[in-house]
Each structure stands twice: as C-alpha cells, then as structure tokens.
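A.B. asks: To start, I am sharing the structure in question, which I have written as structure tokens.
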Amino acid sequence: MVLIERTYRRDPDRLTPLMIGAFGVKILFFGAYTAVMLTVVGLRPVPFVASFTSYFIALYLTEALLMRRLFVAG
C-alpha cells in the first residue's frame, strides 16, 4: 500500500502498470503457497481452501477500501 500511495502521489499514470505487476507477483506467491500447503504440509483441502478464500477476499476488500480513500483524498 505504501508503494501504491507513493506512486499515485508522484505519477498517477504509472499506477495501473504497478498494480498489474503487483497482481502478477501475488498470483505467483499465492499459487506457490497453496501448492506447498496442500502437498508438502499436507493440509486438508476443504478447510484450507475455505479459510484461504476468506482471507483472500478480506485482503482485496481492505486493499480496495484503502485505495478508495487514497483516490478520494487525492
């Protein structure tokens, strides 16, 4: 969020490419995390997917609310 706010304040046109890049990094991270948790650690799939999905939705909701606050203030 710090990087998003700093980029938005300096050059709002660079925010979209930054967000696309950050989304790609998050996809790779969460994909690797999910694979490790289900195969190496051996967690049960249904509870893990349910809790992970809840966390993922909460994470993006928080990010959206913080970005809304940034854009309204900017």
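Just remember, in the structure tokens the first chain shown is A, the second B, etc., residues are 1-based per chain, and ligands are 1-based in the order shown.
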Do a neighbour search on Leu70 (chain A) at 10 Å with only C-alpha atoms, toss out local chain neighbours closer than 3 positions, and write the hits as a list of chain:residue names.
C.D. replies: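 Residues near the query, excluding close chain neighbours: A:Met1, A:Ile4, A:Glu5, A:Tyr8, A:Arg9, A:Ala64, A:Leu65, A:Leu66, A:Met67, A:Ala73, A:Gly74.
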A.B. asks: Write out the residues from the selection above, keeping C-alpha atoms, as an mmCIF file, in the first residue's frame.
C.D. replies:
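Output below, filename out-v9.cif:
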```cif
data_model
loop_
_atom_site.group_PDB
_atom_site.id
_atom_site.type_symbol
_atom_site.label_atom_id
_atom_site.label_comp_id
_atom_site.auth_asym_id
_atom_site.auth_seq_id
_atom_site.Cartn_x
_atom_site.Cartn_y
_atom_site.Cartn_z
ATOM 1 C CA MET A 1 0.000 0.000 0.000
ATOM 2 C CA ILE A 4 0.785 2.387 -4.306
ATOM 3 C CA GLU A 5 0.335 5.617 -2.392
ATOM 4 C CA TYR A 8 -0.091 7.668 -7.065
ATOM 5 C CA ARG A 9 1.180 10.884 -5.497
ATOM 6 C CA ALA A 64 -9.986 -1.657 -2.319
ATOM 7 C CA LEU A 65 -11.152 0.406 0.660
ATOM 8 C CA LEU A 66 -7.673 1.852 1.195
ATOM 9 C CA MET A 67 -7.368 2.722 -2.493
ATOM 10 C CA ALA A 73 -8.287 12.315 -0.822
ATOM 11 C CA GLY A 74 -6.132 12.804 -3.932
#
```
A.B. asks: Which of these, A:Arg6, A:Phe56, A:Leu43, A:Thr16, has the shortest distance to Phe30 (chain A) once you count only C-alpha atoms?
C.D. replies: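 Looking only at the distances to Phe30 (chain A), the closest residue turns out to be A:Phe56.
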